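Engineer: One file: entry_23.pdb (PDB, C-alpha atoms).
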```pdb
ATOM      1  CA  MET B   1     -12.184 -69.412 -27.421  1.00  0.00           C
ATOM      2  CA  ASN B   2     -14.288 -67.446 -24.989  1.00  0.00           C
ATOM      3  CA  THR B   3     -11.384 -67.033 -22.626  1.00  0.00           C
ATOM      4  CA  THR B   4      -9.146 -65.700 -25.399  1.00  0.00           C
ATOM      5  CA  LYS B   5     -11.800 -63.288 -26.504  1.00  0.00           C
ATOM      6  CA  SER B   6     -12.453 -62.091 -22.956  1.00  0.00           C
ATOM      7  CA  ASP B   7      -8.687 -61.756 -22.303  1.00  0.00           C
ATOM      8  CA  PHE B   8      -8.376 -59.676 -25.449  1.00  0.00           C
ATOM      9  CA  LEU B   9     -11.300 -57.411 -24.416  1.00  0.00           C
ATOM     10  CA  HIS B  10      -9.923 -57.123 -20.901  1.00  0.00           C
ATOM     11  CA  LYS B  11      -6.517 -55.984 -22.249  1.00  0.00           C
ATOM     12  CA  GLN B  12      -8.194 -53.468 -24.583  1.00  0.00           C
ATOM     13  CA  ILE B  13     -10.278 -51.983 -21.753  1.00  0.00           C
ATOM     14  CA  THR B  14      -7.231 -51.854 -19.475  1.00  0.00           C
ATOM     15  CA  ASN B  15      -5.179 -50.148 -22.205  1.00  0.00           C
ATOM     16  CA  TRP B  16      -8.003 -47.694 -22.839  1.00  0.00           C
ATOM     17  CA  ARG B  17      -8.256 -46.843 -19.100  1.00  0.00           C
ATOM     18  CA  LYS B  18      -4.489 -46.330 -18.901  1.00  0.00           C
ATOM     19  CA  LEU B  19      -4.648 -43.991 -21.897  1.00  0.00           C
ATOM     20  CA  VAL B  20      -7.483 -41.939 -20.365  1.00  0.00           C
ATOM     21  CA  LEU B  21      -5.669 -41.785 -17.030  1.00  0.00           C
ATOM     22  CA  LYS B  22      -2.457 -40.603 -18.745  1.00  0.00           C
ATOM     23  CA  CYS B  23      -4.390 -37.927 -20.643  1.00  0.00           C
ATOM     24  CA  LEU B  24      -6.078 -36.684 -17.463  1.00  0.00           C
ATOM     25  CA  LEU B  25      -2.755 -36.550 -15.640  1.00  0.00           C
ATOM     26  CA  LEU B  26      -1.207 -34.633 -18.538  1.00  0.00           C
ATOM     27  CA  LEU B  27      -4.098 -32.143 -18.550  1.00  0.00           C
ATOM     28  CA  ALA B  28      -3.856 -31.668 -14.787  1.00  0.00           C
ATOM     29  CA  PHE B  29      -0.094 -31.111 -15.036  1.00  0.00           C
ATOM     30  CA  LEU B  30      -0.521 -28.568 -17.844  1.00  0.00           C
ATOM     31  CA  PHE B  31      -3.246 -26.730 -15.925  1.00  0.00           C
ATOM     32  CA  ILE B  32      -1.189 -26.532 -12.733  1.00  0.00           C
ATOM     33  CA  THR B  33       1.991 -25.372 -14.452  1.00  0.00           C
ATOM     34  CA  SER B  34       0.353 -22.861 -16.811  1.00  0.00           C
ATOM     35  CA  THR B  35      -1.770 -20.906 -14.305  1.00  0.00           C
ATOM     36  CA  GLN B  36      -0.140 -17.790 -12.954  1.00  0.00           C
ATOM     37  CA  PRO B  37      -0.589 -16.727  -9.338  1.00  0.00           C
ATOM     38  CA  ALA B  38      -2.420 -13.445  -8.724  1.00  0.00           C
ATOM     39  CA  PHE B  39      -0.076 -10.755  -7.472  1.00  0.00           C
ATOM     40  CA  ALA B  40      -1.256  -7.304  -6.533  1.00  0.00           C
ATOM     41  CA  GLY B  41       1.588  -4.829  -6.569  1.00  0.00           C
ATOM     42  CA  ILE B  42       1.308  -1.375  -5.075  1.00  0.00           C
ATOM     43  CA  ASN B  43       4.585  -0.304  -6.703  1.00  0.00           C
ATOM     44  CA  ASP B  44       3.668  -1.068 -10.311  1.00  0.00           C
ATOM     45  CA  ASP B  45       1.372   0.443 -12.915  1.00  0.00           C
ATOM     46  CA  VAL B  46      -0.642  -2.731 -13.481  1.00  0.00           C
ATOM     47  CA  TYR B  47      -4.400  -3.011 -13.051  1.00  0.00           C
ATOM     48  CA  ASP B  48      -5.141  -5.135  -9.972  1.00  0.00           C
ATOM     49  CA  GLY B  49      -8.797  -4.218  -9.469  1.00  0.00           C
ATOM     50  CA  ASN B  50     -10.417  -1.227  -7.829  1.00  0.00           C
ATOM     51  CA  ILE B  51      -7.732   0.572  -5.805  1.00  0.00           C
ATOM     52  CA  PHE B  52     -10.069   1.450  -2.935  1.00  0.00           C
ATOM     53  CA  VAL B  53     -11.048  -2.166  -2.407  1.00  0.00           C
ATOM     54  CA  VAL B  54      -7.580  -3.673  -2.925  1.00  0.00           C
ATOM     55  CA  TYR B  55      -5.310  -1.071  -1.319  1.00  0.00           C
ATOM     56  CA  ALA B  56      -7.499   0.915   1.085  1.00  0.00           C
ATOM     57  CA  GLY B  57      -9.842  -1.860   2.199  1.00  0.00           C
ATOM     58  CA  ASN B  58     -12.774   0.437   1.449  1.00  0.00           C
ATOM     59  CA  GLY B  59     -15.231  -0.493  -1.264  1.00  0.00           C
ATOM     60  CA  SER B  60     -17.785   2.089  -0.128  1.00  0.00           C
ATOM     61  CA  LEU B  61     -16.085   4.915  -2.011  1.00  0.00           C
ATOM     62  CA  VAL B  62     -17.068   3.710  -5.463  1.00  0.00           C
ATOM     63  CA  PRO B  63     -19.451   4.438  -6.940  1.00  0.00           C
ATOM     64  CA  PRO B  64     -19.895   7.793  -5.164  1.00  0.00           C
ATOM     65  CA  ARG B  65     -23.255   8.473  -3.517  1.00  0.00           C
ATOM     66  CA  GLU B  66     -23.817  11.684  -5.475  1.00  0.00           C
ATOM     67  CA  THR B  67     -22.516  13.314  -8.610  1.00  0.00           C
ATOM     68  CA  LEU B  68     -20.634  16.588  -8.519  1.00  0.00           C
ATOM     69  CA  SER B  69     -23.670  18.391  -9.922  1.00  0.00           C
ATOM     70  CA  GLN B  70     -25.975  16.995  -7.213  1.00  0.00           C
ATOM     71  CA  ALA B  71     -23.536  17.878  -4.421  1.00  0.00           C
ATOM     72  CA  LEU B  72     -23.078  21.431  -5.732  1.00  0.00           C
ATOM     73  CA  THR B  73     -26.846  22.043  -5.822  1.00  0.00           C
ATOM     74  CA  LYS B  74     -27.141  20.809  -2.216  1.00  0.00           C
ATOM     75  CA  HIS B  75     -24.421  23.293  -1.114  1.00  0.00           C
ATOM     76  CA  LYS B  76     -22.266  20.581   0.438  1.00  0.00           C
ATOM     77  CA  ALA B  77     -18.537  20.661   0.973  1.00  0.00           C
ATOM     78  CA  ILE B  78     -16.992  18.389  -1.666  1.00  0.00           C
ATOM     79  CA  PHE B  79     -13.809  16.372  -1.931  1.00  0.00           C
ATOM     80  CA  LEU B  80     -13.140  15.419  -5.554  1.00  0.00           C
ATOM     81  CA  ALA B  81     -10.319  12.924  -6.154  1.00  0.00           C
ATOM     82  CA  PHE B  82      -9.164  12.046  -9.675  1.00  0.00           C
ATOM     83  CA  TYR B  83      -7.475   8.657 -10.059  1.00  0.00           C
ATOM     84  CA  VAL B  84      -6.851   5.661 -12.322  1.00  0.00           C
ATOM     85  CA  ASP B  85      -6.765   2.066 -11.122  1.00  0.00           C
ATOM     86  CA  ASP B  86      -3.468   1.219 -12.833  1.00  0.00           C
ATOM     87  CA  SER B  87      -1.252   3.943 -11.374  1.00  0.00           C
ATOM     88  CA  SER B  88       1.166   3.176  -8.556  1.00  0.00           C
ATOM     89  CA  ASP B  89       0.817   6.756  -7.273  1.00  0.00           C
ATOM     90  CA  CYS B  90      -2.960   6.376  -7.081  1.00  0.00           C
ATOM     91  CA  LYS B  91      -2.653   2.951  -5.436  1.00  0.00           C
ATOM     92  CA  LYS B  92      -0.471   4.475  -2.726  1.00  0.00           C
ATOM     93  CA  TYR B  93      -2.794   7.459  -2.331  1.00  0.00           C
ATOM     94  CA  ALA B  94      -5.998   5.387  -2.004  1.00  0.00           C
ATOM     95  CA  ILE B  95      -5.511   5.037   1.757  1.00  0.00           C
ATOM     96  CA  SER B  96      -5.422   8.841   2.134  1.00  0.00           C
ATOM     97  CA  ILE B  97      -8.659   9.243   0.205  1.00  0.00           C
ATOM     98  CA  SER B  98     -10.204   6.606   2.440  1.00  0.00           C
ATOM     99  CA  GLN B  99      -8.922   8.499   5.471  1.00  0.00           C
ATOM    100  CA  VAL B 100     -10.652  11.684   4.243  1.00  0.00           C
ATOM    101  CA  GLN B 101     -13.890   9.727   3.991  1.00  0.00           C
ATOM    102  CA  GLU B 102     -13.395   8.334   7.478  1.00  0.00           C
ATOM    103  CA  PHE B 103     -13.226  11.766   9.092  1.00  0.00           C
ATOM    104  CA  TYR B 104     -15.378  13.889   6.754  1.00  0.00           C
ATOM    105  CA  GLY B 105     -17.600  11.390   4.917  1.00  0.00           C
ATOM    106  CA  ARG B 106     -20.757  12.367   6.823  1.00  0.00           C
ATOM    107  CA  ALA B 107     -20.289  16.128   6.543  1.00  0.00           C
ATOM    108  CA  ALA B 108     -18.824  16.372   3.031  1.00  0.00           C
ATOM    109  CA  GLU B 109     -19.428  14.576  -0.220  1.00  0.00           C
ATOM    110  CA  ILE B 110     -16.441  12.377  -1.151  1.00  0.00           C
ATOM    111  CA  ILE B 111     -16.385  11.841  -4.931  1.00  0.00           C
ATOM    112  CA  PRO B 112     -13.597   9.707  -6.412  1.00  0.00           C
ATOM    113  CA  ILE B 113     -13.523  10.039 -10.207  1.00  0.00           C
ATOM    114  CA  ASN B 114     -11.784   7.508 -12.414  1.00  0.00           C
ATOM    115  CA  VAL B 115     -10.402   9.725 -15.189  1.00  0.00           C
ATOM    116  CA  ASP B 116     -10.989   6.944 -17.715  1.00  0.00           C
ATOM    117  CA  THR B 117     -14.733   7.563 -17.259  1.00  0.00           C
ATOM    118  CA  ILE B 118     -14.608  11.305 -18.034  1.00  0.00           C
ATOM    119  CA  PRO B 119     -16.119  11.795 -21.496  1.00  0.00           C
ATOM    120  CA  LEU B 120     -13.857  13.579 -23.981  1.00  0.00           C
ATOM    121  CA  LYS B 121     -15.322  16.972 -24.877  1.00  0.00           C
ATOM    122  CA  GLN B 122     -14.013  20.373 -25.983  1.00  0.00           C
ATOM    123  CA  ASN B 123     -15.669  22.233 -23.090  1.00  0.00           C
ATOM    124  CA  TYR B 124     -17.062  21.137 -19.759  1.00  0.00           C
ATOM    125  CA  ASP B 125     -19.635  22.700 -17.484  1.00  0.00           C
ATOM    126  CA  PRO B 126     -18.471  23.764 -13.999  1.00  0.00           C
ATOM    127  CA  THR B 127     -20.826  21.067 -12.693  1.00  0.00           C
ATOM    128  CA  GLU B 128     -18.855  18.337 -14.509  1.00  0.00           C
ATOM    129  CA  PRO B 129     -15.666  16.727 -13.138  1.00  0.00           C
ATOM    130  CA  GLY B 130     -13.870  17.201 -16.474  1.00  0.00           C
ATOM    131  CA  TYR B 131     -13.934  20.967 -15.890  1.00  0.00           C
ATOM    132  CA  TYR B 132     -11.536  20.579 -12.939  1.00  0.00           C
ATOM    133  CA  TYR B 133      -9.340  17.758 -14.219  1.00  0.00           C
ATOM    134  CA  SER B 134      -5.848  19.034 -15.076  1.00  0.00           C
ATOM    135  CA  GLY B 135      -4.423  15.925 -16.774  1.00  0.00           C
ATOM    136  CA  ALA B 136      -2.495  14.280 -13.926  1.00  0.00           C
ATOM    137  CA  VAL B 137      -3.357  11.726 -11.250  1.00  0.00           C
ATOM    138  CA  PRO B 138      -3.835  11.689  -8.394  1.00  0.00           C
ATOM    139  CA  GLN B 139      -5.445  15.109  -8.236  1.00  0.00           C
ATOM    140  CA  VAL B 140      -7.490  16.547  -5.369  1.00  0.00           C
ATOM    141  CA  VAL B 141     -10.077  19.333  -5.549  1.00  0.00           C
ATOM    142  CA  VAL B 142     -11.864  20.595  -2.428  1.00  0.00           C
ATOM    143  CA  PHE B 143     -14.960  22.801  -2.695  1.00  0.00           C
ATOM    144  CA  ASN B 144     -16.459  24.838   0.111  1.00  0.00           C
ATOM    145  CA  LYS B 145     -20.219  24.880   0.723  1.00  0.00           C
ATOM    146  CA  SER B 146     -20.631  27.758  -1.765  1.00  0.00           C
ATOM    147  CA  GLY B 147     -19.120  25.667  -4.549  1.00  0.00           C
ATOM    148  CA  GLN B 148     -15.836  27.589  -4.669  1.00  0.00           C
ATOM    149  CA  VAL B 149     -12.592  25.678  -5.120  1.00  0.00           C
ATOM    150  CA  VAL B 150     -10.419  26.103  -2.023  1.00  0.00           C
ATOM    151  CA  LEU B 151      -7.802  23.473  -2.881  1.00  0.00           C
ATOM    152  CA  ASN B 152      -6.755  22.101  -6.265  1.00  0.00           C
ATOM    153  CA  LYS B 153      -3.510  20.115  -6.290  1.00  0.00           C
ATOM    154  CA  LYS B 154      -1.880  17.340  -8.276  1.00  0.00           C
ATOM    155  CA  GLY B 155       0.071  14.517  -6.722  1.00  0.00           C
ATOM    156  CA  GLN B 156      -0.147  12.866  -3.338  1.00  0.00           C
ATOM    157  CA  VAL B 157      -1.516  15.778  -1.324  1.00  0.00           C
ATOM    158  CA  PRO B 158      -0.897  15.123   2.394  1.00  0.00           C
ATOM    159  CA  TYR B 159      -3.983  14.359   4.458  1.00  0.00           C
ATOM    160  CA  GLU B 160      -3.073  17.202   6.822  1.00  0.00           C
ATOM    161  CA  GLU B 161      -3.383  19.769   4.025  1.00  0.00           C
ATOM    162  CA  ILE B 162      -6.841  18.477   3.096  1.00  0.00           C
ATOM    163  CA  ASP B 163      -7.791  18.330   6.776  1.00  0.00           C
ATOM    164  CA  ASP B 164      -6.775  21.988   7.223  1.00  0.00           C
ATOM    165  CA  LYS B 165      -9.093  23.044   4.363  1.00  0.00           C
ATOM    166  CA  PHE B 166     -12.021  21.067   5.776  1.00  0.00           C
ATOM    167  CA  ARG B 167     -11.364  22.543   9.223  1.00  0.00           C
ATOM    168  CA  GLU B 168     -11.677  26.014   7.667  1.00  0.00           C
ATOM    169  CA  ILE B 169     -14.850  25.051   5.787  1.00  0.00           C
ATOM    170  CA  PHE B 170     -16.549  23.543   8.858  1.00  0.00           C
ATOM    171  CA  ASP B 171     -15.149  26.152  11.272  1.00  0.00           C
ATOM    172  CA  LEU B 172     -13.330  23.547  13.371  1.00  0.00           C
ATOM    173  CA  LEU B 173     -10.384  24.124  15.655  1.00  0.00           C
ATOM    174  CA  PRO B 174      -6.969  23.974  13.996  1.00  0.00           C
ATOM    175  CA  ARG B 175      -5.208  20.640  14.319  1.00  0.00           C
ATOM    176  CA  THR B 176      -2.689  22.129  16.758  1.00  0.00           C
ATOM    177  CA  GLU B 177      -5.507  22.987  19.200  1.00  0.00           C
ATOM    178  CA  SER B 178      -7.608  19.839  18.917  1.00  0.00           C
ATOM    179  CA  VAL B 179      -7.222  16.246  20.044  1.00  0.00           C
ATOM    180  CA  GLN B 180      -5.463  14.057  17.519  1.00  0.00           C
ATOM    181  CA  LEU B 181      -7.794  11.393  16.158  1.00  0.00           C
ATOM    182  CA  LYS B 182      -6.342   7.918  15.610  1.00  0.00           C
ATOM    183  CA  ARG B 183      -7.347   5.713  12.724  1.00  0.00           C
ATOM    184  CA  ARG B 184      -8.445   2.227  13.652  1.00  0.00           C
ATOM    185  CA  ALA B 185      -6.861  -0.320  11.316  1.00  0.00           C
ATOM    186  CA  PHE B 186      -9.244  -2.876   9.874  1.00  0.00           C
ATOM    187  CA  ASN B 187      -6.911  -4.995   7.797  1.00  0.00           C
ATOM    188  CA  GLU B 188      -3.192  -5.637   7.751  1.00  0.00           C
ATOM    189  CA  PHE B 189      -2.537  -3.792   4.493  1.00  0.00           C
ATOM    190  CA  SER B 190      -4.294  -0.559   5.422  1.00  0.00           C
ATOM    191  CA  SER B 191      -2.783  -0.576   8.897  1.00  0.00           C
ATOM    192  CA  GLU B 192       0.697  -0.717   7.355  1.00  0.00           C
ATOM    193  CA  LEU B 193      -0.049   2.199   5.029  1.00  0.00           C
ATOM    194  CA  ALA B 194      -1.627   4.328   7.756  1.00  0.00           C
ATOM    195  CA  LYS B 195       1.685   4.488   9.670  1.00  0.00           C
TER     196      LYS B 195
END
```
The structure given in the file should be rewritten as structure tokens.

Structural biologist:
Amino acid sequence: MNTTKSDFLHKQITNWRKLVLKCLLLLAFLFITSTQPAFAGINDDVYDGNIFVVYAGNGSLVPPRETLSQALTKHKAIFLAFYVDDSSDCKKYAISISQVQEFYGRAAEIIPINVDTIPLKQNYDPTEPGYYYSGAVPQVVVFNKSGQVVLNKKGQVPYEEIDDKFREIFDLLPRTESVQLKRRAFNEFSSELAK
């Protein structure tokens, strides 16, 4: 009688273990097949994370060190860049903004502004980024040391055009008369975009 009872219990435990094992295998299969891989696409308008970290390899741009108001009161040259994280144009332009910081980040204040963070108001002060935002991204605004706008353009403004304005502001030689500086690539993605 004891052997029949123990055989019965043994079969029940074995059946129970098989059931638990089948359930765990089913859960593992469902988990593996239902998870989507993470794809970051520079050519789509999908949010992939901060564009400066993902596409320019430069997380030091955000948040900016100073606000526009602080930089204007210190009479610094300013590079204001309006962007959104889910725009393919802004994703492609992130490397250029990073390049501006590389060459002028110590002499000028580089201020990237996510337009989603600009508060909606009827009127803005000239010390607020919303005053200069024209409704399109990317947009670049360059201020001289007196706080006057010397460049205000929408779209992917070429680095050379921004460089020319900063050369005027800092009284540097024109690009045609100076040594060409080369950008050192620090990751495979940014090195491909810098070409």

Engineer: Using all atoms of stretch 63-81 of chain B that appear in the file, construct an axis-aligned enclosing box with 3 Å of padding on every side and provide its centre coordinates and edge lengths in Å, rounded to one decimal, as JSON.

Structural biologist:
```
{"center_x": -18.7, "center_y": 13.9, "center_z": -4.5, "size_x": 22.8, "size_y": 24.9, "size_z": 16.9}
```

Engineer: Hey, what comes out of the PyMOL selection byres ((chain B and resi 108) around 10) on this file? Could you write it as an mmCIF file with C-alpha atoms, keeping the file's coordinate frame?

Structural biologist:
```
data_model
loop_
_atom_site.group_PDB
_atom_site.id
_atom_site.type_symbol
_atom_site.label_atom_id
_atom_site.label_comp_id
_atom_site.auth_asym_id
_atom_site.auth_seq_id
_atom_site.Cartn_x
_atom_site.Cartn_y
_atom_site.Cartn_z
ATOM 1 C CA ALA B 71 -23.536 17.878 -4.421
ATOM 2 C CA HIS B 75 -24.421 23.293 -1.114
ATOM 3 C CA LYS B 76 -22.266 20.581 0.438
ATOM 4 C CA ALA B 77 -18.537 20.661 0.973
ATOM 5 C CA ILE B 78 -16.992 18.389 -1.666
ATOM 6 C CA PHE B 79 -13.809 16.372 -1.931
ATOM 7 C CA VAL B 100 -10.652 11.684 4.243
ATOM 8 C CA GLN B 101 -13.890 9.727 3.991
ATOM 9 C CA PHE B 103 -13.226 11.766 9.092
ATOM 10 C CA TYR B 104 -15.378 13.889 6.754
ATOM 11 C CA GLY B 105 -17.600 11.390 4.917
ATOM 12 C CA ARG B 106 -20.757 12.367 6.823
ATOM 13 C CA ALA B 107 -20.289 16.128 6.543
ATOM 14 C CA GLU B 109 -19.428 14.576 -0.220
ATOM 15 C CA ILE B 110 -16.441 12.377 -1.151
ATOM 16 C CA ILE B 111 -16.385 11.841 -4.931
ATOM 17 C CA VAL B 142 -11.864 20.595 -2.428
ATOM 18 C CA PHE B 143 -14.960 22.801 -2.695
ATOM 19 C CA ASN B 144 -16.459 24.838 0.111
ATOM 20 C CA LYS B 145 -20.219 24.880 0.723
ATOM 21 C CA PHE B 166 -12.021 21.067 5.776
ATOM 22 C CA ILE B 169 -14.850 25.051 5.787
ATOM 23 C CA PHE B 170 -16.549 23.543 8.858
#
```

Engineer: Could you pull the residues within 8 Å of B:Ala81, counting only C-alpha atoms, minus those fewer than 6 positions along the same chain, as a PyMOL selection string?

Structural biologist: chain B and resi 97+110-113+138-141

Engineer: At most 9 Å from (-10.3, 1.8, -9.0), file frame, all atoms listed in the file: which residues, as a ChimeraX atom specification?

Structural biologist: /B:47-54,62,83-86,90-91,94,112-114

Engineer: With all atoms listed in the file as the counted atoms, please give the residues lying no more than 12 Å from B:Glu160, apart from itself and same-chain residues fewer than 4 positions off, as a list in words.

Structural biologist: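 Everything that qualifies: Ser96, Ile97, Gln99, Val100, Phe103, Gln156, Asp164, Lys165, Phe166, Arg167, Pro174, Arg175, Thr176, Gln180 and Leu181 of chain B.
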